[in-house]
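Engineer: What follows is a structure written as structure tokens; I'll ask about it next.
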Amino acid sequence: MRMVGNDGVAIIPSATSIPRNRDVDFIFRQDSDFLYLTGFDEPDSLAVILPGNSQGQFILFCRQRNPEQEIWDGRRAGLEGVKERYGADLAYPIEELDEMMPKLFADRERFFYPMGRDTNFDRRVISWVNQSRGSARASKHVPHELLSLDYFVHDMRLYKSRSELTLMRQAAKAAIAGHTRAMQACQPGMYEYEIEAELLYEFRKAGCVTAYPSIVGGGDNGCILHYIENNQELKDGDLLLIDAGAEYQGYASDITRTFPVNGTFSPVQREVYELVLESQIAAIKKVKPGNHWNDPHHEAVKVLTKGLVNIGLLKGKPAKLIKDEEYRQFYMHRTGHWLGLDVHDVGDYRFDEEWRLLEPGMTLTVEPGLYISKARGVPKKFWDIGIRIEDDVLVTKDGSQVLTEKLTRDPDEIEALMAAA
């Protein structure tokens, strides 16, 4: 309200249902900005923020109650429901948008809107502005300035409140249970999708859904960063990389663990695993207020590059190898991303070409890895080793807290956990 000001109006559209195939939609997922600002989880809705409006500053357009339709598609909050349960000051049927919106623009000099997400809806918004201008004689002002809503809302979303962190911890708890179950269920001869089913069981049992398509990659599939086919047999002697997170009331967790299919790391697998773990521990230590966003990544790269030299996968001085980015043959992604309502959450990483400083309330992942595919010059013993270790980290006043710390990363503890199944 303060950022919009009494001479402005903000418009926040909901997500819409998307067809999956004939007569079937994808499971509905609300637009993250709309969910953040309203808590309302129905499609075909629009929130309007009108600071200083005497009749109501928070207005929701939504679907009306329809008992016959609700038999088919589920219950609706309706106009009274959005006022009683979601705090709307005023509520109107979504069918009245074209009639009401030009009136709500009256006497407002600027409007905030996420332009560019939906070109069809953009046209409707512009038509409302033009209609408002057409009746300018009845108003003191008409909107003449468009501002991006994303810039303001996304910076707000970057700093997690206590209640948001409660939801994120719940999502982390469900993901930890899923990964633990997957480790204990894994045996040679199973298929990747069977392990995925173990994850999904724990997610749904905890009232969660998947935060993103789960990656369950055995052997060389673990070297494919976004592998989601999950349809291959797990082989004795291979590693299994699982990147899977649960989503609870819109908030995501994001965890990756890598472990041996047969329950025991080979000497070379353990060597590479311990290098990745060392780099992650070093990177997490760099997550604290006052450090900038790139510090954890830079620290992980330093540890990984030095280790790659020590085990014979790179040759030369680490500083020169880092400068020339030679490590990218085996480590080609960054060490983390913001985490929240979106698994790759919103928020700027740079300001004026400078990395953003970390501040309390920010949440991010720390996820170094090494991916060693078949290639000339790479010793055969390293082939098809893909390892990533990822945890969710909260920046605190004094340093950081790992929200997913209860899921072990220690190779000895992983082997003991799998043996106890």
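Lettering and numbering for the structure tokens are positional, with chains as A, B, ... in the shown order, residues counted from 1 in each chain, and ligands counted from 1 in the shown order.
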If you run DSSP on the backbone here, which positions in range 120-212 of chain A get strand (DSSP E or B)? Please write them as a PyMOL selection string.

Structural biologist: chain A and resi 145-148+191+209-210

Engineer: Restricted to N, CA and C atoms, what would the selected residues look like written as a PDB file, in the first residue's frame?

Structural biologist:
```pdb
ATOM      1  N   GLU A 145       0.943   6.676 -16.051  1.00  0.00           N
ATOM      2  CA  GLU A 145       2.248   6.054 -15.803  1.00  0.00           C
ATOM      3  C   GLU A 145       2.053   4.587 -15.426  1.00  0.00           C
ATOM      4  N   LEU A 146       2.740   3.702 -16.145  1.00  0.00           N
ATOM      5  CA  LEU A 146       2.709   2.272 -15.854  1.00  0.00           C
ATOM      6  C   LEU A 146       4.015   1.880 -15.182  1.00  0.00           C
ATOM      7  N   LEU A 147       3.916   1.209 -14.045  1.00  0.00           N
ATOM      8  CA  LEU A 147       5.091   0.749 -13.313  1.00  0.00           C
ATOM      9  C   LEU A 147       5.017  -0.762 -13.159  1.00  0.00           C
ATOM     10  N   SER A 148       6.170  -1.408 -13.210  1.00  0.00           N
ATOM     11  CA  SER A 148       6.218  -2.863 -13.063  1.00  0.00           C
ATOM     12  C   SER A 148       5.948  -3.253 -11.619  1.00  0.00           C
ATOM     13  N   TYR A 191      13.831 -49.621 -10.629  1.00  0.00           N
ATOM     14  CA  TYR A 191      13.819 -48.578 -11.648  1.00  0.00           C
ATOM     15  C   TYR A 191      13.733 -47.201 -10.983  1.00  0.00           C
ATOM     16  N   VAL A 209       2.922 -31.292  -2.252  1.00  0.00           N
ATOM     17  CA  VAL A 209       3.070 -31.727  -3.634  1.00  0.00           C
ATOM     18  C   VAL A 209       4.535 -31.538  -4.006  1.00  0.00           C
ATOM     19  N   THR A 210       4.906 -31.979  -5.199  1.00  0.00           N
ATOM     20  CA  THR A 210       6.282 -31.756  -5.640  1.00  0.00           C
ATOM     21  C   THR A 210       6.478 -30.282  -5.982  1.00  0.00           C
TER      22      THR A 210
END
```

Engineer: For Phe265 in chain A, list every protein, DNA or RNA residue within 9 Å, evaluated using only C-alpha atoms, and leave out those in the same chain fewer than 2 positions away; present the list as a list in words.

Structural biologist: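 My list of contacting residues is Gly237, Asp238, Leu239, Phe259, Pro260, Val261, Asn262, Gly263, Pro267, Val268, Gln269, Arg270, Tyr273, Pro411 and Glu415 of chain A.
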
Engineer: Please save C-alpha atoms of the selected residues as a short mmCIF file (atom, residue, chain, number, x, y, z; two decimals), in the first residue's frame.

Structural biologist:
```cif
data_model
loop_
_atom_site.label_atom_id
_atom_site.label_comp_id
_atom_site.auth_asym_id
_atom_site.auth_seq_id
_atom_site.Cartn_x
_atom_site.Cartn_y
_atom_site.Cartn_z
CA GLY A 237 27.95 -50.20 -8.57
CA ASP A 238 26.34 -46.98 -9.84
CA LEU A 239 25.48 -43.83 -7.94
CA PHE A 259 24.31 -42.19 -2.80
CA PRO A 260 25.40 -45.64 -4.00
CA VAL A 261 22.69 -47.87 -5.43
CA ASN A 262 24.09 -50.89 -3.59
CA GLY A 263 24.62 -49.01 -0.32
CA PRO A 267 36.85 -45.80 -3.28
CA VAL A 268 36.74 -43.49 -6.32
CA GLN A 269 33.08 -42.58 -5.74
CA ARG A 270 33.86 -41.70 -2.13
CA TYR A 273 31.84 -37.36 -3.08
CA PRO A 411 29.08 -40.79 3.45
CA GLU A 415 25.90 -46.13 4.18
#
```

Engineer: What does the structure give for the distance between CA of Arg328 in chain A and CA of Tyr349 in chain A, in Å to one decimal?

Structural biologist: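 One can read the CA of Arg328 in chain A to CA of Tyr349 in chain A distance as 20.9 Å.
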
Engineer: Which residues come within 10 Å of range 314-326 of chain A, counting only C-alpha atoms, excluding same-chain residues fewer than 2 positions away, as a ChimeraX atom specification?

Structural biologist: /A:298,301-312,328-332,377-378

Engineer: I need the chosen residues saved as a short mmCIF file (atom, residue, chain, number, x, y, z; two decimals), in the first residue's frame, with C-alpha atoms.

Structural biologist:
```cif
data_model
loop_
_atom_site.label_atom_id
_atom_site.label_comp_id
_atom_site.auth_asym_id
_atom_site.auth_seq_id
_atom_site.Cartn_x
_atom_site.Cartn_y
_atom_site.Cartn_z
CA HIS A 298 33.48 -18.56 -5.43
CA VAL A 301 34.83 -23.27 -7.10
CA LYS A 302 38.10 -22.81 -5.20
CA VAL A 303 37.68 -26.04 -3.27
CA LEU A 304 36.48 -28.04 -6.28
CA THR A 305 39.25 -26.82 -8.59
CA LYS A 306 41.99 -27.57 -6.08
CA GLY A 307 40.46 -31.01 -5.49
CA LEU A 308 40.18 -31.76 -9.21
CA VAL A 309 43.91 -31.10 -9.50
CA ASN A 310 44.65 -33.36 -6.54
CA ILE A 311 42.70 -36.31 -7.97
CA GLY A 312 44.16 -35.85 -11.44
CA ARG A 328 33.48 -25.94 -16.01
CA GLN A 329 34.12 -29.23 -17.81
CA PHE A 330 33.04 -30.89 -14.56
CA TYR A 331 31.12 -28.13 -12.76
CA MET A 332 29.07 -26.02 -15.13
CA GLY A 377 41.55 -37.57 -21.30
CA VAL A 378 39.25 -38.52 -18.41
#
```

Engineer: Name the closest residue to Met418 in chain A among the candidates A:Ile284, A:Leu234, A:Cys186, A:Leu370; distances are taken between atoms, counting only C-alpha atoms.

Structural biologist: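 Among the listed residues, the smallest separation from Met418 in chain A belongs to A:Cys186.
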
Engineer: Give the alpha helix (DSSP H) residues of range 6-202 of chain A, as assigned by DSSP on the backbone, as a PyMOL selection string.

Structural biologist: chain A and resi 32-38+67-73+78-86+97-104+119-134+149-158+162-185+192-202

Engineer: With only C-alpha atoms as the basis for distance, which of A:Tyr212, A:Met115, A:Ala421, A:Ser266 is at the shortest distance from Tyr151 in chain A?

Structural biologist: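 Of A:Tyr212, A:Met115, A:Ala421, A:Ser266, the one nearest Tyr151 in chain A, counting only C-alpha atoms, is A:Met115.
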
Engineer: Could you list, as a list in words, every residue within 8 Å of Phe40 in chain A, counting only C-alpha atoms and ignoring same-chain residues fewer than 2 positions away?

Structural biologist: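 Everything that qualifies: Phe34, Leu35, Thr38, Glu42, Val82 and Tyr86 of chain A.
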
Engineer: Include N, CA and C atoms and write out the residues we just selected as a PDB file, in the first residue's frame.

Structural biologist:
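Just written: selection31.pdb:
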```
ATOM      1  N   PHE A  34       0.331 -13.492  -6.808  1.00  0.00           N
ATOM      2  CA  PHE A  34      -1.061 -13.398  -6.369  1.00  0.00           C
ATOM      3  C   PHE A  34      -1.252 -14.129  -5.043  1.00  0.00           C
ATOM      4  N   LEU A  35      -0.674 -15.306  -4.927  1.00  0.00           N
ATOM      5  CA  LEU A  35      -0.781 -16.080  -3.693  1.00  0.00           C
ATOM      6  C   LEU A  35      -0.113 -15.350  -2.533  1.00  0.00           C
ATOM      7  N   THR A  38      -2.461 -12.332  -1.550  1.00  0.00           N
ATOM      8  CA  THR A  38      -3.868 -12.559  -1.204  1.00  0.00           C
ATOM      9  C   THR A  38      -4.120 -13.833  -0.401  1.00  0.00           C
ATOM     10  N   GLU A  42      -7.750 -19.718  -5.992  1.00  0.00           N
ATOM     11  CA  GLU A  42      -8.673 -20.072  -7.062  1.00  0.00           C
ATOM     12  C   GLU A  42      -8.260 -19.381  -8.350  1.00  0.00           C
ATOM     13  N   VAL A  82     -14.569 -14.594   0.044  1.00  0.00           N
ATOM     14  CA  VAL A  82     -13.289 -13.893  -0.068  1.00  0.00           C
ATOM     15  C   VAL A  82     -13.214 -12.732   0.918  1.00  0.00           C
ATOM     16  N   TYR A  86     -10.559 -14.187   3.399  1.00  0.00           N
ATOM     17  CA  TYR A  86      -9.331 -13.666   2.815  1.00  0.00           C
ATOM     18  C   TYR A  86      -9.163 -12.161   3.014  1.00  0.00           C
TER      19      TYR A  86
END
```

Engineer: Do you have, as CSV, the list of residues of range 279-339 of chain A lying at most 9 Å from range 352-359 of chain A, each with its nearest atom pair and that distance in Å to one decimal, counting only C-alpha atoms and ordered by chain then number?

Structural biologist:
```
residue,atom,partner,partner_atom,distance
A:Val287,CA,A:Leu358,CA,7.4
A:Lys288,CA,A:Leu358,CA,6.4
A:Pro289,CA,A:Glu359,CA,4.8
A:Gly290,CA,A:Leu357,CA,5.7
A:Asn291,CA,A:Leu357,CA,5.6
A:His292,CA,A:Leu357,CA,4.0
A:Trp293,CA,A:Arg356,CA,5.5
A:Asn294,CA,A:Trp355,CA,6.6
```

Engineer: Which residue, A:Thr180, A:Glu299, A:His344, A:Glu390, has the smallest gap to Ile414 in chain A when you use only C-alpha atoms?

Structural biologist: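 Looking at the shortest contact to Ile414 in chain A, the residue is A:Thr180.
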
Engineer: To one decimal in Å, tell me the separation between CA of Arg123 in chain A and CA of Val343 in chain A.

Structural biologist: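 Answer for the CA of Arg123 in chain A to CA of Val343 in chain A separation: 29.9 Å.
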